[in-house]
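For reference, the structure is listed below as structure tokens.
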Amino acid sequence: MNFDMTEEQQMIKSMVAEFAEKEIVPVAAENDLNEKFPWSIVKKMGELGIFGTVIPEEYGGGGFDNIAHAIVAEELGRVDSSVRGIYSVQVSLVALTILKWGNEEQKKKYVPRLASGEILGCFGLTEPNSGSDAVSMQATAVEDGDSYILNGNKMWITNGGVADIALIFAKTDKNAGARGITAFIVDTKTPGFSTRDIHQKLGLRSSNTAELILTDVRVPKENILGEVGKGFKVAMSALDFGRYTVAAGCVGLAQGCYDVAKKYALERVQFGKPIAGHQLIQEMFADMIVDIEAGRLLVYRVGHLKNKGVPNTREVCVAKLFCSEMVNRVAYKALQVFGGYGFSGEFPIERYYRDARINTLYEGTSQIQKLIIANKDLGISAF
Ligand SMILES: Cc1cc2nc3c(=O)[nH]c(=O)nc-3n(C[C@H](O)[C@H](O)[C@H](O)COP(=O)(O)OP(=O)(O)OC[C@H]3O[C@@H](n4cnc5c(N)ncnc54)[C@H](O)[C@@H]3O)c2cc1C
């Protein structure tokens, strides 16, 4: 067992940390305030190869390992969870999913352009009436000659209003449960495809979240991802990728909370000494340190399993559950360190606190992670 980062991982960490400080930190608060999608940051991430970190070189990526992929999510999450979310969806939910399930033509057509940021992708699974219970989705895909005709609505879709392609999950057989779902790669410029942006979110305010509305969208059969009836498997494997970078992003955000709280605690003087010298403040710092370090180890363990190419659903869910709950504990304590100043937009802790909240909700709520973890060990599904 080796807990050291490789030279490559260290290099990626320094590069992304520098990019984050120089390009993201100066505009993050303003983008959050104005709900402004960070187009220029996304463009630069593409140019620097950040989206391509874990993508194999033959598909236009850097060919780095899964721990480097987590490190990118961590460093982006440390300063701006909206940007981290864009990265997670683009790379984990879309590019890696096409790499895993796509045929050679699909991989060549989409993955290099996702890796370079030339196109953006989104992942459309959730619907207005189908969240945790994804199999109950109502979107349909009806065969028509060389195409399928898609109808339905997808809700809460990250990158939905800015994406060039959407992975859409729809029922090709309404009576076959999970085996009746098929995944499609849909060009968002196809007639009948429209979006509605969702505003005034609690957090992730510079990330785009949208409803997708599909009305008689004609999708050629060559755009089926995987096989007809295997879409639920595609979606679940995508979540194994996605939950990994959510967990890594939580570690980064928790580290960001810790860093700003530490700086403040060393400067703020009450009762004649820096508040960092008060025992109850130190207790909060000790709790935060233990939480963050435990979360980081869980994430890197998943990276290790992914590098080995072995199944890791259980370990991903453990990391996602722990880290998403952990970042909320850490954000709460870090804000407490700021006292009343934490309650205003003067310090980034206010944004970090709001951004932490989503993590126990999306890509499977904490309750759903628990049901998956327990099922993996007990062998009895609670669904
Ligand atoms: C900002 C944001 C971005 C998102 N991005 C995407 C995206 O890019 N793509 C996408 O497809 N979706 C996305 N989502 C959707 C997200 O994944 C869902 O919101 C999530 O899966 C929960 O579904 P729901 O909101 O319908 O809640 P529900 O499923 O209605 O759950 C409500 C509550 O009931 C609990 N619950 C449900 N079933 C059970 C059970 N069997 N046992 C115990 N408790 C249960 C849940 O844990 C939760 O507490 C996003 C959501 C948000 C808010």
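A note on labels: chains of the structure tokens are A, B, ... as shown, every chain counts residues from 1, and ligands are counted from 1 in their shown order.
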Need the shell around region 38-44 of chain A: protein/DNA/RNA residues with any atom at most 7 Å away, counting only C-alpha atoms. Skip same-chain ones fewer than 6 positions apart. Format as an mmCIF file with N, CA and C atoms, in the first residue's frame?
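To be explicit, this is the file written out as result.cif:
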```cif
data_model
loop_
_atom_site.group_PDB
_atom_site.id
_atom_site.type_symbol
_atom_site.label_atom_id
_atom_site.label_comp_id
_atom_site.auth_asym_id
_atom_site.auth_seq_id
_atom_site.Cartn_x
_atom_site.Cartn_y
_atom_site.Cartn_z
ATOM 1 N N GLU A 23 -7.801 31.667 -12.185
ATOM 2 C CA GLU A 23 -8.928 31.891 -13.102
ATOM 3 C C GLU A 23 -10.302 31.814 -12.431
ATOM 4 N N ILE A 24 -10.430 30.982 -11.388
ATOM 5 C CA ILE A 24 -11.776 30.774 -10.832
ATOM 6 C C ILE A 24 -12.034 31.668 -9.616
ATOM 7 N N GLY A 117 -13.410 20.160 -24.573
ATOM 8 C CA GLY A 117 -14.378 21.196 -24.208
ATOM 9 C C GLY A 117 -15.053 21.819 -25.420
ATOM 10 N N SER A 206 -23.860 29.252 -10.244
ATOM 11 C CA SER A 206 -23.325 29.576 -11.572
ATOM 12 C C SER A 206 -23.260 28.334 -12.457
#
```
- Within 7 Å of ligand 1, counting only C-alpha atoms and all ligand atoms, which protein or nucleic acid residues do you find, written as number ranges by chain? A: 89, 122-126, 128-133, 155-159, 204, 209, 358, 361-368, 382-383
Per residue of region 332-351 of chain A within 7 Å of region 246-268 of chain A, note the shortest atom pair and the distance in Å to one decimal, counting only C-alpha atoms, and order the rows by chain and increasing residue number, as CSV.
```
residue,atom,partner,partner_atom,distance
A:Ala334,CA,A:Ala261,CA,5.3
A:Val337,CA,A:Ala261,CA,6.2
A:Phe338,CA,A:Ala261,CA,6.8
A:Ile349,CA,A:Cys257,CA,6.2
```
- 10 Å contact set for Ala17 (chain A), only C-alpha atoms, chain neighbours under 6 positions out, as a PyMOL selection string: chain A and resi 11+23-24+71-72+74-76+78-79
- Task: Could you check how far CA of Phe51 (chain A) sits from CA of Asp4 (chain A), in Å to one decimal?
- Result: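 Computing it gives 23.8 Å between the two atoms.
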- Message: At a cut-off of 9 Å, using only C-alpha atoms, what residues contact Ser82 (chain A)? Leave out same-chain residues fewer than 4 positions from it and give the result as a list in words.
- Response: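 Listed by chain and then number, they are Ala28, Asp32, Phe37, Pro38, Leu76, Gly77, Ile86, Tyr87, Gly203, Leu204, Arg205, Ser206, Ser207, Asn208 and Asp355 of chain A.
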- Item | Residue nearest Arg314 (chain A) - candidates A:His278, A:Arg354, A:Arg296, A:Lys370, atoms counted: only C-alpha atoms |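 Ranking A:His278, A:Arg354, A:Arg296, A:Lys370 by distance to Arg314 (chain A), first place goes to A:Lys370.
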- Item | Spatial neighbours of Tyr148 (chain A), max dist 8 Å, only C-alpha atoms, sep filter under 4 positions, as a list in words | Ala141, Val142, Glu143, Asp144, Arg218, Val219, Pro220 and Lys221 of chain A
- Query: What are the DSSP alpha helix (DSSP H) residues of region 21-60 of chain A, as a list in words?
  - Reply: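 Residues meeting the alpha helix (DSSP H) criterion: Val25, Pro26, Val27, Ala28, Ala29, Glu30, Asn31, Asp32, Leu33, Asn34, Trp39, Ser40, Ile41, Val42, Lys43, Lys44, Met45, Gly46 and Glu47 of chain A.
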Written selection (all heavy atoms) as a short mmCIF file (atom, residue, chain, number, x, y, z; two decimals), in the first residue's frame:
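Just written: selection-v9.cif:
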```cif
data_model
loop_
_atom_site.label_atom_id
_atom_site.label_comp_id
_atom_site.auth_asym_id
_atom_site.auth_seq_id
_atom_site.Cartn_x
_atom_site.Cartn_y
_atom_site.Cartn_z
N VAL A 25 -11.08 31.69 -8.69
CA VAL A 25 -11.29 32.44 -7.44
C VAL A 25 -11.71 33.90 -7.69
O VAL A 25 -12.67 34.38 -7.07
CB VAL A 25 -10.04 32.36 -6.53
CG1 VAL A 25 -10.13 33.33 -5.36
CG2 VAL A 25 -9.86 30.93 -6.02
N PRO A 26 -11.06 34.62 -8.62
CA PRO A 26 -11.42 36.03 -8.78
C PRO A 26 -12.87 36.28 -9.23
O PRO A 26 -13.41 37.36 -8.99
CB PRO A 26 -10.44 36.54 -9.86
CG PRO A 26 -9.31 35.56 -9.86
CD PRO A 26 -9.91 34.25 -9.48
N VAL A 27 -13.50 35.28 -9.88
CA VAL A 27 -14.85 35.53 -10.43
C VAL A 27 -15.94 34.67 -9.78
O VAL A 27 -17.13 34.84 -10.08
CB VAL A 27 -14.88 35.28 -11.96
CG1 VAL A 27 -14.04 36.32 -12.69
CG2 VAL A 27 -14.41 33.87 -12.32
N ALA A 28 -15.56 33.76 -8.88
CA ALA A 28 -16.53 32.78 -8.37
C ALA A 28 -17.70 33.46 -7.63
O ALA A 28 -18.86 33.11 -7.86
CB ALA A 28 -15.83 31.78 -7.45
N ALA A 29 -17.39 34.43 -6.78
CA ALA A 29 -18.46 35.06 -5.99
C ALA A 29 -19.42 35.82 -6.90
O ALA A 29 -20.64 35.75 -6.74
CB ALA A 29 -17.85 35.99 -4.95
N GLU A 30 -18.85 36.52 -7.88
CA GLU A 30 -19.69 37.31 -8.79
C GLU A 30 -20.55 36.40 -9.67
O GLU A 30 -21.74 36.67 -9.89
CB GLU A 30 -18.77 38.17 -9.66
CG GLU A 30 -19.45 39.39 -10.22
CD GLU A 30 -18.52 40.12 -11.18
OE1 GLU A 30 -17.32 40.25 -10.85
OE2 GLU A 30 -19.00 40.53 -12.24
N ASN A 31 -19.96 35.33 -10.17
CA ASN A 31 -20.74 34.39 -10.98
C ASN A 31 -21.88 33.79 -10.17
O ASN A 31 -22.99 33.61 -10.66
CB ASN A 31 -19.84 33.26 -11.51
CG ASN A 31 -18.94 33.72 -12.64
OD1 ASN A 31 -19.14 34.81 -13.19
ND2 ASN A 31 -17.96 32.92 -12.99
N ASP A 32 -21.59 33.50 -8.90
CA ASP A 32 -22.61 32.94 -8.00
C ASP A 32 -23.75 33.94 -7.82
O ASP A 32 -24.92 33.61 -7.96
CB ASP A 32 -21.95 32.60 -6.66
CG ASP A 32 -22.96 32.19 -5.61
OD1 ASP A 32 -23.44 31.04 -5.67
OD2 ASP A 32 -23.28 33.01 -4.73
N LEU A 33 -23.36 35.18 -7.55
CA LEU A 33 -24.36 36.24 -7.30
C LEU A 33 -25.26 36.45 -8.51
O LEU A 33 -26.47 36.61 -8.39
CB LEU A 33 -23.62 37.54 -6.95
CG LEU A 33 -24.47 38.69 -6.42
CD1 LEU A 33 -25.03 38.33 -5.05
CD2 LEU A 33 -23.61 39.95 -6.31
N ASN A 34 -24.65 36.42 -9.70
CA ASN A 34 -25.40 36.72 -10.92
C ASN A 34 -25.91 35.48 -11.65
O ASN A 34 -26.41 35.58 -12.77
CB ASN A 34 -24.53 37.54 -11.88
CG ASN A 34 -24.11 38.85 -11.26
OD1 ASN A 34 -24.91 39.50 -10.58
ND2 ASN A 34 -22.86 39.24 -11.44
N TRP A 39 -18.54 30.53 -18.79
CA TRP A 39 -18.11 30.09 -20.13
C TRP A 39 -16.60 30.21 -20.34
O TRP A 39 -15.97 29.32 -20.90
CB TRP A 39 -18.83 30.91 -21.22
CG TRP A 39 -20.21 30.42 -21.52
CD1 TRP A 39 -21.39 31.08 -21.27
CD2 TRP A 39 -20.58 29.17 -22.11
NE1 TRP A 39 -22.46 30.30 -21.67
CE2 TRP A 39 -21.99 29.14 -22.19
CE3 TRP A 39 -19.86 28.07 -22.57
CZ2 TRP A 39 -22.69 28.05 -22.72
CZ3 TRP A 39 -20.56 26.98 -23.10
CH2 TRP A 39 -21.95 26.98 -23.17
N SER A 40 -16.01 31.34 -19.90
CA SER A 40 -14.58 31.53 -20.19
C SER A 40 -13.74 30.52 -19.40
O SER A 40 -12.71 30.04 -19.90
CB SER A 40 -14.15 32.97 -19.91
OG SER A 40 -14.29 33.23 -18.54
N ILE A 41 -14.19 30.18 -18.20
CA ILE A 41 -13.46 29.17 -17.41
C ILE A 41 -13.55 27.81 -18.09
O ILE A 41 -12.56 27.08 -18.23
CB ILE A 41 -14.03 29.11 -15.97
CG1 ILE A 41 -13.68 30.40 -15.23
CG2 ILE A 41 -13.52 27.88 -15.22
CD1 ILE A 41 -14.38 30.56 -13.89
N VAL A 42 -14.74 27.48 -18.56
CA VAL A 42 -14.95 26.20 -19.24
C VAL A 42 -14.06 26.11 -20.48
O VAL A 42 -13.42 25.08 -20.75
CB VAL A 42 -16.45 26.03 -19.61
CG1 VAL A 42 -16.66 24.89 -20.59
CG2 VAL A 42 -17.27 25.81 -18.34
N LYS A 43 -13.99 27.22 -21.21
CA LYS A 43 -13.17 27.23 -22.43
C LYS A 43 -11.70 26.98 -22.08
O LYS A 43 -11.03 26.16 -22.70
CB LYS A 43 -13.34 28.60 -23.12
CG LYS A 43 -12.70 28.71 -24.46
CD LYS A 43 -13.23 29.94 -25.22
CE LYS A 43 -12.51 30.11 -26.55
NZ LYS A 43 -11.17 30.68 -26.43
N LYS A 44 -11.23 27.67 -21.03
CA LYS A 44 -9.82 27.49 -20.64
C LYS A 44 -9.56 26.08 -20.11
O LYS A 44 -8.49 25.51 -20.33
CB LYS A 44 -9.44 28.53 -19.58
CG LYS A 44 -9.25 29.92 -20.18
CD LYS A 44 -8.96 30.96 -19.11
CE LYS A 44 -9.13 32.35 -19.70
NZ LYS A 44 -9.47 33.36 -18.70
N MET A 45 -10.54 25.52 -19.41
CA MET A 45 -10.36 24.14 -18.92
C MET A 45 -10.18 23.18 -20.09
O MET A 45 -9.40 22.24 -20.03
CB MET A 45 -11.57 23.72 -18.07
CG MET A 45 -11.54 24.30 -16.67
SD MET A 45 -13.12 24.09 -15.80
CE MET A 45 -13.19 22.31 -15.62
N GLY A 46 -10.92 23.45 -21.16
CA GLY A 46 -10.77 22.63 -22.36
C GLY A 46 -9.39 22.79 -22.96
O GLY A 46 -8.70 21.81 -23.26
N GLU A 47 -8.96 24.04 -23.09
CA GLU A 47 -7.65 24.31 -23.72
C GLU A 47 -6.51 23.70 -22.92
O GLU A 47 -5.53 23.20 -23.48
CB GLU A 47 -7.44 25.83 -23.83
CG GLU A 47 -8.28 26.46 -24.93
CD GLU A 47 -8.38 27.99 -24.80
OE1 GLU A 47 -7.76 28.56 -23.88
OE2 GLU A 47 -9.10 28.58 -25.60
#
```
- CA of Ala294 (chain A) sits from CA of Phe322 (chain A) at a separation of 8.8 Å
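Among the candidates A:Gly379, A:Gly52, A:Gly152, A:Gly229, the one nearest to Gly192 (chain A) when counting only C-alpha atoms is A:Gly152.
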- Query: Nearest to Lys13 (chain A) among A:Ala68, A:Val186, A:Ala374, A:Leu96, with distances taken over only C-alpha atoms: which residue is it?
  - Reply: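 For Lys13 (chain A), the nearest of the candidates is A:Ala68.
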- Could you pull out all residues of region 56-255 of chain A with a DSSP call of strand (DSSP E or B) and give them as a PyMOL selection string? chain A and resi 121-124+127+130+140-144+147-158+165-171+181-187+193-197+209-220+224-225
- Could you name the residues that touch region 54-57 of chain A at 8 Å or less, counting only C-alpha atoms, but leaving out those on the same chain fewer than 5 positions away, as a PyMOL selection string? chain A and resi 62-66+68-69+95-96+115
- Message: Quick one: residues within 8 Å of Lys171 (chain A), only C-alpha atoms, excluding same-chain residues fewer than 6 positions away - as number ranges by chain?
- Response: A: 137-141, 180-182
- Task: Between A:Arg301, A:Arg357, A:Arg84, A:Lys333, single out the one closest to Ala319 (chain A), counting only C-alpha atoms.
- Result: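 Smallest separation from Ala319 (chain A) among the options: A:Arg301.
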